[in-house]
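Here is the file query14.pdb (PDB, C-alpha atoms and all ligand atoms).
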ATOM      1  CA  MET A 208     -15.756  18.948 -63.544
ATOM      2  CA  ILE A 209     -13.472  18.155 -60.604
ATOM      3  CA  LEU A 210     -10.554  15.737 -61.053
ATOM      4  CA  ASN A 211      -9.582  14.393 -57.654
ATOM      5  CA  PHE A 212      -6.149  12.743 -57.497
ATOM      6  CA  GLY A 213      -6.896  11.199 -54.146
ATOM      7  CA  SER A 214      -6.089   8.555 -51.598
ATOM      8  CA  ILE A 215      -8.168   5.434 -50.972
ATOM      9  CA  ASN A 216      -7.781   3.644 -47.632
ATOM     10  CA  LEU A 217      -9.207   0.696 -45.831
ATOM     11  CA  ASP A 218     -10.211   2.251 -42.504
ATOM     12  CA  LEU A 219      -9.817  -0.126 -39.556
ATOM     13  CA  VAL A 220     -11.902   1.567 -36.904
ATOM     14  CA  TYR A 221     -11.651   0.700 -33.199
ATOM     15  CA  ARG A 222     -14.032   2.285 -30.694
ATOM     16  CA  VAL A 223     -12.242   2.958 -27.403
ATOM     17  CA  ALA A 224     -13.262   4.567 -24.117
ATOM     18  CA  HIS A 225     -10.422   7.062 -24.467
ATOM     19  CA  LEU A 226      -7.589   7.610 -26.948
ATOM     20  CA  PRO A 227      -4.549   5.522 -25.988
ATOM     21  CA  LYS A 228      -1.711   7.168 -24.076
ATOM     22  CA  PRO A 229       1.965   6.370 -24.822
ATOM     23  CA  GLY A 230       2.774   2.862 -23.594
ATOM     24  CA  GLU A 231      -0.858   2.016 -22.843
ATOM     25  CA  THR A 232      -2.535  -1.230 -23.932
ATOM     26  CA  LEU A 233      -6.222  -0.662 -24.398
ATOM     27  CA  ALA A 234      -9.138  -2.994 -25.160
ATOM     28  CA  SER A 235     -11.461  -1.757 -27.899
ATOM     29  CA  THR A 236     -15.227  -1.944 -27.490
ATOM     30  CA  SER A 237     -15.894  -2.601 -31.193
ATOM     31  CA  PHE A 238     -14.160  -2.967 -34.535
ATOM     32  CA  ALA A 239     -15.351  -2.268 -38.088
ATOM     33  CA  ARG A 240     -13.869  -1.865 -41.577
ATOM     34  CA  PHE A 241     -14.873   1.019 -43.813
ATOM     35  CA  LEU A 242     -13.940   2.655 -47.081
ATOM     36  CA  GLY A 243     -11.938   5.781 -46.272
ATOM     37  CA  GLY A 244      -9.030   7.968 -47.277
ATOM     38  CA  LYS A 245      -9.240  11.738 -47.449
ATOM     39  CA  GLY A 246      -9.277  11.690 -51.237
ATOM     40  CA  ILE A 247     -12.092   9.233 -51.814
ATOM     41  CA  ASN A 248     -14.102  10.705 -48.925
ATOM     42  CA  GLN A 249     -13.950  14.071 -50.691
ATOM     43  CA  SER A 250     -14.919  12.527 -54.038
ATOM     44  CA  ILE A 251     -17.888  10.728 -52.520
ATOM     45  CA  ALA A 252     -18.995  13.880 -50.722
ATOM     46  CA  ALA A 253     -18.778  15.843 -53.980
ATOM     47  CA  ALA A 254     -20.653  13.168 -55.940
ATOM     48  CA  ARG A 255     -23.368  12.784 -53.287
ATOM     49  CA  SER A 256     -23.755  16.567 -53.293
ATOM     50  CA  GLY A 257     -24.496  16.527 -57.010
ATOM     51  CA  GLY A 258     -21.008  17.471 -58.226
ATOM     52  CA  ALA A 259     -19.347  16.091 -61.359
ATOM     53  CA  ILE A 260     -16.209  14.322 -60.176
ATOM     54  CA  ARG A 261     -13.554  11.989 -61.576
ATOM     55  CA  HIS A 262     -11.560  10.108 -58.972
ATOM     56  CA  ILE A 263      -8.019   9.200 -60.015
ATOM     57  CA  GLY A 264      -6.429   6.761 -57.575
ATOM     58  CA  CYS A 265      -4.543   3.524 -56.968
ATOM     59  CA  LEU A 266      -5.536   0.257 -55.312
ATOM     60  CA  GLY A 267      -3.337  -2.728 -54.532
ATOM     61  CA  PRO A 268      -4.084  -6.401 -55.240
ATOM     62  CA  ASP A 269      -5.986  -6.528 -51.918
ATOM     63  CA  GLY A 270      -8.267  -3.630 -52.888
ATOM     64  CA  LYS A 271     -11.220  -5.540 -54.394
ATOM     65  CA  TRP A 272     -13.684  -4.785 -51.585
ATOM     66  CA  LEU A 273     -12.759  -1.095 -51.604
ATOM     67  CA  GLY A 274     -13.328  -0.992 -55.375
ATOM     68  CA  GLU A 275     -16.781  -2.494 -54.851
ATOM     69  CA  GLN A 276     -17.533   0.118 -52.198
ATOM     70  CA  ILE A 277     -16.436   2.944 -54.486
ATOM     71  CA  ALA A 278     -18.679   1.620 -57.275
ATOM     72  CA  HIS A 279     -21.518   1.301 -54.765
ATOM     73  CA  PHE A 280     -21.227   5.066 -54.165
ATOM     74  CA  GLY A 281     -21.657   5.629 -57.906
ATOM     75  CA  LEU A 282     -18.088   6.599 -58.712
ATOM     76  CA  SER A 283     -16.332   5.213 -61.769
ATOM     77  CA  LEU A 284     -13.420   2.804 -61.319
ATOM     78  CA  ASP A 285     -12.089   3.630 -64.808
ATOM     79  CA  GLU A 286      -9.292   5.856 -63.483
ATOM     80  CA  ILE A 287      -8.419   3.747 -60.449
ATOM     81  CA  THR A 288      -5.252   1.918 -61.351
ATOM     82  CA  GLN A 289      -4.351  -1.484 -59.954
ATOM     83  CA  VAL A 290      -0.765  -1.341 -58.638
ATOM     84  CA  ASP A 291       1.564  -3.964 -57.231
ATOM     85  CA  VAL A 292       1.728  -2.410 -53.745
ATOM     86  CA  PRO A 293      -0.561  -3.195 -50.788
ATOM     87  CA  THR A 294      -3.596  -0.909 -50.581
ATOM     88  CA  GLY A 295      -3.310   2.058 -48.220
ATOM     89  CA  HIS A 296      -4.957   1.710 -44.863
ATOM     90  CA  ALA A 297      -5.682   3.706 -41.730
ATOM     91  CA  VAL A 298      -5.829   2.472 -38.147
ATOM     92  CA  ILE A 299      -8.378   4.714 -36.448
ATOM     93  CA  PHE A 300      -9.304   4.987 -32.784
ATOM     94  CA  VAL A 301     -12.572   6.767 -31.999
ATOM     95  CA  ASP A 302     -13.318   7.599 -28.368
ATOM     96  CA  ASP A 303     -16.552   8.217 -26.466
ATOM     97  CA  THR A 304     -16.441  11.942 -27.290
ATOM     98  CA  ALA A 305     -16.270  11.121 -31.066
ATOM     99  CA  GLU A 306     -12.669  12.374 -31.224
ATOM    100  CA  ASN A 307     -10.209  10.290 -33.223
ATOM    101  CA  GLN A 308      -6.567   9.378 -33.669
ATOM    102  CA  ILE A 309      -5.336   8.036 -37.014
ATOM    103  CA  VAL A 310      -2.199   6.174 -38.142
ATOM    104  CA  LEU A 311      -1.757   5.886 -41.907
ATOM    105  CA  PHE A 312      -0.059   3.322 -44.109
ATOM    106  CA  GLY A 313       0.332   5.044 -47.502
ATOM    107  CA  GLY A 314       0.817   1.882 -49.612
ATOM    108  CA  SER A 315      -0.874   2.136 -53.022
ATOM    109  CA  ASN A 316      -1.614   5.841 -52.465
ATOM    110  CA  LEU A 317       2.105   6.490 -52.928
ATOM    111  CA  ALA A 318       2.265   4.620 -56.251
ATOM    112  CA  PHE A 319       0.902   7.325 -58.584
ATOM    113  CA  THR A 320       2.970   7.617 -61.769
ATOM    114  CA  LYS A 321       3.564  10.657 -63.959
ATOM    115  CA  ASN A 322       2.086   8.782 -66.888
ATOM    116  CA  GLN A 323      -1.164   8.093 -65.012
ATOM    117  CA  ILE A 324      -1.367  11.744 -63.960
ATOM    118  CA  GLU A 325      -0.721  13.112 -67.445
ATOM    119  CA  GLN A 326      -3.283  10.779 -69.013
ATOM    120  CA  ALA A 327      -5.954  12.040 -66.642
ATOM    121  CA  LEU A 328      -5.001  15.704 -67.011
ATOM    122  CA  ASN A 329      -4.863  15.486 -70.803
ATOM    123  CA  THR A 330      -8.590  14.761 -70.926
ATOM    124  CA  ALA A 331      -9.544  17.654 -68.623
ATOM    125  CA  ARG A 332     -11.110  20.812 -70.022
ATOM    126  CA  ARG A 333      -9.799  24.313 -69.405
ATOM    127  CA  GLY A 334     -11.498  25.673 -66.285
ATOM    128  CA  ASP A 335     -11.884  22.249 -64.643
ATOM    129  CA  TRP A 336     -10.711  21.971 -61.050
ATOM    130  CA  VAL A 337      -8.088  19.550 -59.724
ATOM    131  CA  LEU A 338      -8.394  18.498 -56.085
ATOM    132  CA  LEU A 339      -5.386  17.334 -54.058
ATOM    133  CA  GLN A 340      -4.548  16.257 -50.502
ATOM    134  CA  ASN A 341      -1.344  15.187 -48.745
ATOM    135  CA  GLU A 342      -1.994  11.427 -48.758
ATOM    136  CA  THR A 343      -0.569  10.696 -52.225
ATOM    137  CA  ASN A 344       2.817  11.057 -53.883
ATOM    138  CA  LEU A 345       3.580  13.583 -56.675
ATOM    139  CA  VAL A 346       1.199  16.231 -55.301
ATOM    140  CA  SER A 347       3.393  19.128 -56.386
ATOM    141  CA  TYR A 348       3.870  17.592 -59.841
ATOM    142  CA  ILE A 349       0.105  17.219 -60.311
ATOM    143  CA  ALA A 350      -0.446  20.848 -59.299
ATOM    144  CA  GLN A 351       2.223  22.123 -61.713
ATOM    145  CA  GLU A 352       0.935  20.042 -64.620
ATOM    146  CA  ALA A 353      -2.650  21.045 -63.896
ATOM    147  CA  ARG A 354      -1.819  24.745 -63.848
ATOM    148  CA  ALA A 355       0.225  24.384 -67.052
ATOM    149  CA  ARG A 356      -2.975  23.117 -68.711
ATOM    150  CA  GLY A 357      -5.068  26.051 -67.477
ATOM    151  CA  LEU A 358      -6.805  24.040 -64.748
ATOM    152  CA  LYS A 359      -7.571  25.387 -61.279
ATOM    153  CA  VAL A 360      -6.126  23.642 -58.245
ATOM    154  CA  ALA A 361      -7.741  23.141 -54.845
ATOM    155  CA  TYR A 362      -5.493  21.723 -52.151
ATOM    156  CA  SER A 363      -6.533  20.284 -48.829
ATOM    157  CA  ALA A 364      -3.470  20.586 -46.558
ATOM    158  CA  ALA A 365      -4.197  17.322 -44.759
ATOM    159  CA  PRO A 366      -2.555  15.420 -43.203
ATOM    160  CA  PHE A 367      -0.724  18.604 -42.327
ATOM    161  CA  ASP A 368       2.881  19.059 -43.435
ATOM    162  CA  ALA A 369       4.105  22.653 -43.366
ATOM    163  CA  ASN A 370       6.824  22.037 -45.955
ATOM    164  CA  ALA A 371       4.404  20.436 -48.409
ATOM    165  CA  VAL A 372       2.057  23.394 -48.012
ATOM    166  CA  ARG A 373       4.873  25.894 -48.538
ATOM    167  CA  ASP A 374       5.947  24.131 -51.761
ATOM    168  CA  LEU A 375       2.440  24.403 -53.175
ATOM    169  CA  LEU A 376       1.488  27.922 -52.224
ATOM    170  CA  ASP A 377       2.183  29.478 -55.625
ATOM    171  CA  GLN A 378       0.503  26.643 -57.539
ATOM    172  CA  ILE A 379      -2.959  26.646 -56.045
ATOM    173  CA  ASN A 380      -6.198  28.601 -56.432
ATOM    174  CA  LEU A 381      -7.861  27.316 -53.278
ATOM    175  CA  LEU A 382      -6.283  26.240 -50.001
ATOM    176  CA  ALA A 383      -8.455  24.312 -47.535
ATOM    177  CA  LEU A 384      -7.304  23.809 -43.961
ATOM    178  CA  ASN A 385      -8.504  23.855 -40.386
ATOM    179  CA  GLU A 386      -7.720  26.668 -37.975
ATOM    180  CA  GLY A 387      -4.963  24.701 -36.210
ATOM    181  CA  GLU A 388      -3.250  24.198 -39.559
ATOM    182  CA  ALA A 389      -3.765  27.860 -40.440
ATOM    183  CA  ALA A 390      -2.009  28.837 -37.204
ATOM    184  CA  ALA A 391       0.840  26.392 -37.922
ATOM    185  CA  ILE A 392       1.326  27.920 -41.383
ATOM    186  CA  ALA A 393       1.295  31.420 -39.942
ATOM    187  CA  GLN A 394       4.040  30.363 -37.555
ATOM    188  CA  ASN A 395       6.015  28.553 -40.248
ATOM    189  CA  ILE A 396       5.999  31.193 -42.983
ATOM    190  CA  GLY A 397       5.233  34.332 -41.014
ATOM    191  CA  HIS A 398       1.873  35.056 -42.713
ATOM    192  CA  HIS A 399      -1.649  33.910 -41.993
ATOM    193  CA  PRO A 400      -2.850  31.876 -45.018
ATOM    194  CA  ALA A 401      -5.546  34.468 -45.721
ATOM    195  CA  GLU A 402      -2.798  37.065 -46.313
ATOM    196  CA  LEU A 403      -1.161  34.955 -49.015
ATOM    197  CA  ASN A 404      -1.663  35.450 -52.725
ATOM    198  CA  ILE A 405      -4.195  32.614 -53.090
ATOM    199  CA  ASP A 406      -7.608  33.255 -54.697
ATOM    200  CA  HIS A 407      -9.575  31.407 -52.002
ATOM    201  CA  VAL A 408      -8.645  30.182 -48.533
ATOM    202  CA  LEU A 409     -11.202  27.983 -46.793
ATOM    203  CA  ILE A 410     -10.690  27.624 -43.039
ATOM    204  CA  THR A 411     -12.842  25.178 -41.098
ATOM    205  CA  LYS A 412     -13.191  25.838 -37.367
ATOM    206  CA  GLY A 413     -15.092  22.807 -36.083
ATOM    207  CA  GLU A 414     -18.032  23.808 -33.927
ATOM    208  CA  ARG A 415     -17.271  27.469 -34.693
ATOM    209  CA  GLY A 416     -18.074  27.070 -38.366
ATOM    210  CA  ALA A 417     -15.965  28.046 -41.351
ATOM    211  CA  GLU A 418     -14.629  31.054 -43.232
ATOM    212  CA  LEU A 419     -13.943  31.584 -46.903
ATOM    213  CA  HIS A 420     -11.410  34.314 -47.659
ATOM    214  CA  SER A 421     -11.555  35.488 -51.291
ATOM    215  CA  GLY A 422      -9.826  38.638 -52.538
ATOM    216  CA  GLY A 423     -10.026  40.441 -49.188
ATOM    217  CA  GLU A 424     -13.659  39.445 -48.561
ATOM    218  CA  ILE A 425     -14.631  36.976 -45.860
ATOM    219  CA  LEU A 426     -17.734  34.793 -45.900
ATOM    220  CA  HIS A 427     -18.594  33.313 -42.497
ATOM    221  CA  GLN A 428     -20.570  30.130 -42.035
ATOM    222  CA  ASP A 429     -21.898  28.891 -38.695
ATOM    223  CA  SER A 430     -21.725  25.193 -37.920
ATOM    224  CA  VAL A 431     -24.936  23.222 -37.447
ATOM    225  CA  LYS A 432     -25.148  21.753 -33.944
ATOM    226  CA  VAL A 433     -25.607  17.986 -33.733
ATOM    227  CA  GLU A 434     -24.722  15.134 -31.392
ATOM    228  CA  ALA A 435     -21.504  13.709 -32.897
ATOM    229  CA  ILE A 436     -20.885   9.948 -32.931
ATOM    230  CA  ASP A 437     -17.717   9.878 -35.050
ATOM    231  CA  THR A 438     -15.933  12.903 -36.534
ATOM    232  CA  THR A 439     -13.733  10.852 -38.916
ATOM    233  CA  GLY A 440     -14.072  12.317 -42.414
ATOM    234  CA  ALA A 441     -16.054  15.400 -41.364
ATOM    235  CA  GLY A 442     -13.463  17.767 -42.868
ATOM    236  CA  ASP A 443     -13.411  15.711 -46.082
ATOM    237  CA  THR A 444     -17.193  15.822 -46.266
ATOM    238  CA  PHE A 445     -17.189  19.586 -45.778
ATOM    239  CA  LEU A 446     -14.640  20.116 -48.555
ATOM    240  CA  GLY A 447     -16.156  17.672 -51.060
ATOM    241  CA  ALA A 448     -19.653  19.076 -50.558
ATOM    242  CA  PHE A 449     -18.311  22.635 -50.723
ATOM    243  CA  MET A 450     -16.386  22.013 -53.956
ATOM    244  CA  ALA A 451     -19.391  20.406 -55.636
ATOM    245  CA  ARG A 452     -21.253  23.722 -55.417
ATOM    246  CA  PHE A 453     -18.384  26.191 -55.318
ATOM    247  CA  VAL A 454     -17.163  25.227 -58.813
ATOM    248  CA  ASP A 455     -20.453  26.662 -60.116
ATOM    249  CA  GLY A 456     -19.593  29.958 -58.421
ATOM    250  CA  LYS A 457     -22.073  29.763 -55.541
ATOM    251  CA  ALA A 458     -19.735  30.383 -52.614
ATOM    252  CA  ASP A 459     -22.265  31.236 -49.884
ATOM    253  CA  GLU A 460     -24.613  28.438 -50.888
ATOM    254  CA  ALA A 461     -21.646  26.059 -51.037
ATOM    255  CA  LEU A 462     -20.606  26.973 -47.494
ATOM    256  CA  ALA A 463     -24.105  26.522 -46.057
ATOM    257  CA  PHE A 464     -24.595  23.211 -47.840
ATOM    258  CA  ALA A 465     -21.153  21.936 -46.747
ATOM    259  CA  ALA A 466     -21.903  22.827 -43.113
ATOM    260  CA  GLY A 467     -25.096  20.768 -43.298
ATOM    261  CA  ALA A 468     -23.349  17.824 -44.970
ATOM    262  CA  ALA A 469     -20.526  17.757 -42.396
ATOM    263  CA  ALA A 470     -22.970  18.036 -39.483
ATOM    264  CA  LEU A 471     -25.012  15.092 -40.735
ATOM    265  CA  GLN A 472     -21.882  13.057 -41.480
ATOM    266  CA  VAL A 473     -20.662  13.089 -37.862
ATOM    267  CA  THR A 474     -23.944  11.623 -36.628
ATOM    268  CA  LYS A 475     -23.038   8.232 -38.127
ATOM    269  CA  GLN A 476     -20.062   5.922 -37.798
ATOM    270  CA  GLY A 477     -17.404   5.645 -40.501
ATOM    271  CA  ALA A 478     -15.964   8.079 -43.016
ATOM    272  CA  ALA A 479     -17.333   7.500 -46.545
ATOM    273  CA  ALA A 480     -20.205   5.366 -45.244
ATOM    274  CA  ALA A 481     -21.561   8.306 -43.243
ATOM    275  CA  ILE A 482     -21.589  10.898 -46.042
ATOM    276  CA  PRO A 483     -25.151  12.093 -46.751
ATOM    277  CA  CYS A 484     -26.679  12.734 -50.173
ATOM    278  CA  ALA A 485     -27.931  16.153 -51.340
ATOM    279  CA  GLU A 486     -31.590  15.404 -50.561
ATOM    280  CA  GLU A 487     -30.729  14.388 -46.977
ATOM    281  CA  VAL A 488     -28.664  17.543 -46.474
ATOM    282  CA  GLU A 489     -31.344  19.813 -47.914
ATOM    283  CA  ALA A 490     -34.072  18.228 -45.763
ATOM    284  CA  PHE A 491     -31.819  18.483 -42.704
ATOM    285  CA  LEU A 492     -31.058  22.170 -43.333
ATOM    286  CA  ARG A 493     -34.749  22.966 -43.854
ATOM    287  CA  ASN A 494     -35.488  21.564 -40.390
ATOM    288  CA  ALA A 495     -32.350  22.834 -38.620
TER     289      ALA A 495
HETATM  290  O1  LIG B   1     -10.089  12.292 -42.927
HETATM  291  C1  LIG B   1     -10.444  10.996 -42.559
HETATM  292  C2  LIG B   1      -9.612   9.999 -43.285
HETATM  293  O2  LIG B   1      -8.268  10.157 -42.888
HETATM  294  C3  LIG B   1      -9.932   8.556 -42.961
HETATM  295  O3  LIG B   1     -10.938   8.027 -43.788
HETATM  296  C4  LIG B   1      -8.588   7.861 -43.068
HETATM  297  O4  LIG B   1      -8.501   6.958 -44.126
HETATM  298  C5  LIG B   1      -7.563   8.986 -43.193
HETATM  299  O5  LIG B   1      -7.124   9.129 -44.473
END

Could you write out this file's structure as structure tokens?
Amino acid sequence: MILNFGSINLDLVYRVAHLPKPGETLASTSFARFLGGKGINQSIAAARSGGAIRHIGCLGPDGKWLGEQIAHFGLSLDEITQVDVPTGHAVIFVDDTAENQIVLFGGSNLAFTKNQIEQALNTARRGDWVLLQNETNLVSYIAQEARARGLKVAYSAAPFDANAVRDLLDQINLLALNEGEAAAIAQNIGHHPAELNIDHVLITKGERGAELHSGGEILHQDSVKVEAIDTTGAGDTFLGAFMARFVDGKADEALAFAAGAAALQVTKQGAAAAIPCAEEVEAFLRNA
């Protein structure tokens, strides 16, 4: 089982010809609202990949539609707490090359309480995994409490904050980051993440695939080439799909499956809405 203490956002997505420059006023070519947030994207990717996942999160009084979307994806709302803070949202620009720019409002994602965290952790079983990102409060507390209960911790260092990563390094079993973030950590602490004392380091490299570093061994995974429409949530899809299979100990299969899931996800618009199910990924990989 994976317990994901994760963000939930309303994604306000504007298509633009190019990403805005400082001081520029730009007309969008379309606008749409989607369920998003790195946390819930990862949970949905894990669930759609066949993983067992509990999403622990917070929604504000304006979060009804997002709750309906989450239920629509088959995730339970039982551990999503209603808080008295506006729901988190993201303003997202996506340009004609499928590249994006995101501004976050944390809102309800920053309203986790220690009580809520402990209640969720107290019902976990030894050996379960906890999944964390940088879009919620109390990340370090969750990691400490999880480890104290014999749980394993996977941490996605996004959105990137070198200090947050440094604080967590000795509390995690798996660190997931992209190669730009890996380089920033190397610069910040003087060691490449793969040289640190972490059981598994997963580095995604966009079109150049991904690497899993585990105990001195490196597994390489090529990316699957597709025509991208929108890359928002691709990293979340990769990680959620990977975790769904990795927790059963199938690292190489998990990497290959995650590469297929992320490739398919970028061929549609939106974050959570574009995440494929296991059957779609398997069919896609058979024909790739
Ligand atoms: O990783 C993509 C996600 O980042 C979006 O869904 C947005 O909500 C931001 O959290």

What are the closest atom pairs, with distances in Å to one decimal, for each residue of region 291-345 of chain A lying within 8 Å of region 256-280 of chain A, using all atoms listed in the file, rows by chain and rising residue number, as JSON lines?
{"residue": "A:Asp291", "atom": "CA", "partner": "A:Gly267", "partner_atom": "CA", "distance": 5.7}
{"residue": "A:Val292", "atom": "CA", "partner": "A:Gly267", "partner_atom": "CA", "distance": 5.1}
{"residue": "A:Pro293", "atom": "CA", "partner": "A:Gly267", "partner_atom": "CA", "distance": 4.7}
{"residue": "A:Thr294", "atom": "CA", "partner": "A:Gly267", "partner_atom": "CA", "distance": 4.4}
{"residue": "A:Gly295", "atom": "CA", "partner": "A:Leu266", "partner_atom": "CA", "distance": 7.6}
{"residue": "A:Gly314", "atom": "CA", "partner": "A:Gly267", "partner_atom": "CA", "distance": 7.9}
{"residue": "A:Ser315", "atom": "CA", "partner": "A:Leu266", "partner_atom": "CA", "distance": 5.5}
{"residue": "A:Asn316", "atom": "CA", "partner": "A:Cys265", "partner_atom": "CA", "distance": 5.9}
{"residue": "A:Ala318", "atom": "CA", "partner": "A:Cys265", "partner_atom": "CA", "distance": 6.9}
{"residue": "A:Phe319", "atom": "CA", "partner": "A:Cys265", "partner_atom": "CA", "distance": 6.8}
{"residue": "A:Ala327", "atom": "CA", "partner": "A:Ile263", "partner_atom": "CA", "distance": 7.5}

For C-alpha atoms, I'd like the residues from the last selection saved as an mmCIF file, in the coordinates of the input.
data_model
loop_
_atom_site.group_PDB
_atom_site.id
_atom_site.type_symbol
_atom_site.label_atom_id
_atom_site.label_comp_id
_atom_site.auth_asym_id
_atom_site.auth_seq_id
_atom_site.Cartn_x
_atom_site.Cartn_y
_atom_site.Cartn_z
ATOM 1 C CA ASP A 291 1.564 -3.964 -57.231
ATOM 2 C CA VAL A 292 1.728 -2.410 -53.745
ATOM 3 C CA PRO A 293 -0.561 -3.195 -50.788
ATOM 4 C CA THR A 294 -3.596 -0.909 -50.581
ATOM 5 C CA GLY A 295 -3.310 2.058 -48.220
ATOM 6 C CA GLY A 314 0.817 1.882 -49.612
ATOM 7 C CA SER A 315 -0.874 2.136 -53.022
ATOM 8 C CA ASN A 316 -1.614 5.841 -52.465
ATOM 9 C CA ALA A 318 2.265 4.620 -56.251
ATOM 10 C CA PHE A 319 0.902 7.325 -58.584
ATOM 11 C CA ALA A 327 -5.954 12.040 -66.642
#

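With all atoms listed in the file taken into account, the protein and nucleic acid residues at most 10 Å from Ala495 (chain A) (excluding it and anything under 2 positions from it in its own chain) are Val431, Lys432, Val433, Gly467, Glu489, Ala490, Phe491, Leu492 and Arg493 of chain A.
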
Env of region 407-417 of chain A: 9 Å cut, atoms = all atoms listed in the file, seq-sep filter 3 positions within chain, self excluded. Answer as a VMD selection string.
chain A and resid 361 380 to 389 400 to 401 403 to 404 420 to 422 426 to 432 442 445 to 446 462 466

How about saving the chosen residues, C-alpha atoms kept, as a short mmCIF file (atom, residue, chain, number, x, y, z; two decimals), in the frame of the given file?
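Once everything was written out, this is out31.cif:
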data_model
loop_
_atom_site.label_atom_id
_atom_site.label_comp_id
_atom_site.auth_asym_id
_atom_site.auth_seq_id
_atom_site.Cartn_x
_atom_site.Cartn_y
_atom_site.Cartn_z
CA ALA A 361 -7.74 23.14 -54.84
CA ASN A 380 -6.20 28.60 -56.43
CA LEU A 381 -7.86 27.32 -53.28
CA LEU A 382 -6.28 26.24 -50.00
CA ALA A 383 -8.46 24.31 -47.54
CA LEU A 384 -7.30 23.81 -43.96
CA ASN A 385 -8.50 23.86 -40.39
CA GLU A 386 -7.72 26.67 -37.98
CA GLY A 387 -4.96 24.70 -36.21
CA GLU A 388 -3.25 24.20 -39.56
CA ALA A 389 -3.76 27.86 -40.44
CA PRO A 400 -2.85 31.88 -45.02
CA ALA A 401 -5.55 34.47 -45.72
CA LEU A 403 -1.16 34.96 -49.02
CA ASN A 404 -1.66 35.45 -52.72
CA HIS A 420 -11.41 34.31 -47.66
CA SER A 421 -11.56 35.49 -51.29
CA GLY A 422 -9.83 38.64 -52.54
CA LEU A 426 -17.73 34.79 -45.90
CA HIS A 427 -18.59 33.31 -42.50
CA GLN A 428 -20.57 30.13 -42.04
CA ASP A 429 -21.90 28.89 -38.70
CA SER A 430 -21.72 25.19 -37.92
CA VAL A 431 -24.94 23.22 -37.45
CA LYS A 432 -25.15 21.75 -33.94
CA GLY A 442 -13.46 17.77 -42.87
CA PHE A 445 -17.19 19.59 -45.78
CA LEU A 446 -14.64 20.12 -48.56
CA LEU A 462 -20.61 26.97 -47.49
CA ALA A 466 -21.90 22.83 -43.11
#

When the PyMOL selection byres (((chain A and resi 246) around 7) and not hetatm) is applied to the structure above, which residues does it catch, written out as a ChimeraX atom specification?
/A:211,213-215,244-245,247-250,340

Which residue out of A:Ala461, A:Ala478, A:Ala369, A:Val301 has the minimum interatomic distance to ligand LIG 1 (chain B) when only C-alpha atoms and all ligand atoms are used?
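Selected residue with least distance to ligand LIG 1 (chain B): A:Ala478.
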
Give me the residues near Ala353 (chain A) as a PyMOL selection string, where near means some atom within 10 Å (using all atoms listed in the file) and where sequence neighbours in that chain fewer than 3 positions away do not count.
chain A and resi 210+324-325+327-329+331+333+335-337+347-350+356-360+378-379

Which protein, DNA or RNA residues have an atom within 6 Å of ligand LIG 1 (chain B), counting only C-alpha atoms and all ligand atoms, as a count of residues only?
10

Given the PyMOL selection byres (((chain A and resi 241) around 8) and not hetatm), the residues it picks as a PyMOL selection string
chain A and resi 217-220+239-240+242-243+477-480

Save region 403-438 of chain A from what I just supplied, as a PDB file, in the first residue's frame, atoms limited to C-alpha atoms.
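Generated output (decode-v2.pdb):
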ATOM      1  CA  LEU A 403      24.084   9.929  -1.306  1.00  0.00           C
ATOM      2  CA  ASN A 404      23.101   7.274   1.194  1.00  0.00           C
ATOM      3  CA  ILE A 405      19.586   6.787  -0.218  1.00  0.00           C
ATOM      4  CA  ASP A 406      18.358   3.300  -1.206  1.00  0.00           C
ATOM      5  CA  HIS A 407      16.923   4.411  -4.560  1.00  0.00           C
ATOM      6  CA  VAL A 408      17.349   7.577  -6.610  1.00  0.00           C
ATOM      7  CA  LEU A 409      15.076   7.935  -9.628  1.00  0.00           C
ATOM      8  CA  ILE A 410      16.197  10.553 -12.153  1.00  0.00           C
ATOM      9  CA  THR A 411      13.924  11.416 -15.063  1.00  0.00           C
ATOM     10  CA  LYS A 412      15.606  12.944 -18.115  1.00  0.00           C
ATOM     11  CA  GLY A 413      12.701  13.896 -20.372  1.00  0.00           C
ATOM     12  CA  GLU A 414      13.207  12.650 -23.907  1.00  0.00           C
ATOM     13  CA  ARG A 415      16.414  10.919 -22.774  1.00  0.00           C
ATOM     14  CA  GLY A 416      14.555   8.527 -20.511  1.00  0.00           C
ATOM     15  CA  ALA A 417      15.188   7.779 -16.858  1.00  0.00           C
ATOM     16  CA  GLU A 418      17.670   6.129 -14.514  1.00  0.00           C
ATOM     17  CA  LEU A 419      17.165   4.270 -11.270  1.00  0.00           C
ATOM     18  CA  HIS A 420      20.216   4.183  -9.008  1.00  0.00           C
ATOM     19  CA  SER A 421      19.980   1.475  -6.325  1.00  0.00           C
ATOM     20  CA  GLY A 422      22.938   0.371  -4.205  1.00  0.00           C
ATOM     21  CA  GLY A 423      25.543   1.221  -6.852  1.00  0.00           C
ATOM     22  CA  GLU A 424      23.552  -0.353  -9.706  1.00  0.00           C
ATOM     23  CA  ILE A 425      21.944   1.731 -12.428  1.00  0.00           C
ATOM     24  CA  LEU A 426      18.895   0.722 -14.448  1.00  0.00           C
ATOM     25  CA  HIS A 427      18.421   2.785 -17.615  1.00  0.00           C
ATOM     26  CA  GLN A 428      15.083   3.301 -19.300  1.00  0.00           C
ATOM     27  CA  ASP A 429      14.626   4.899 -22.719  1.00  0.00           C
ATOM     28  CA  SER A 430      11.731   7.275 -23.252  1.00  0.00           C
ATOM     29  CA  VAL A 431       8.997   6.377 -25.729  1.00  0.00           C
ATOM     30  CA  LYS A 432       8.804   8.922 -28.551  1.00  0.00           C
ATOM     31  CA  VAL A 433       5.431  10.595 -29.068  1.00  0.00           C
ATOM     32  CA  GLU A 434       4.053  13.904 -30.314  1.00  0.00           C
ATOM     33  CA  ALA A 435       3.496  15.908 -27.100  1.00  0.00           C
ATOM     34  CA  ILE A 436       0.443  18.159 -26.730  1.00  0.00           C
ATOM     35  CA  ASP A 437       0.842  19.117 -23.062  1.00  0.00           C
ATOM     36  CA  THR A 438       3.634  17.979 -20.729  1.00  0.00           C
TER      37      THR A 438
END
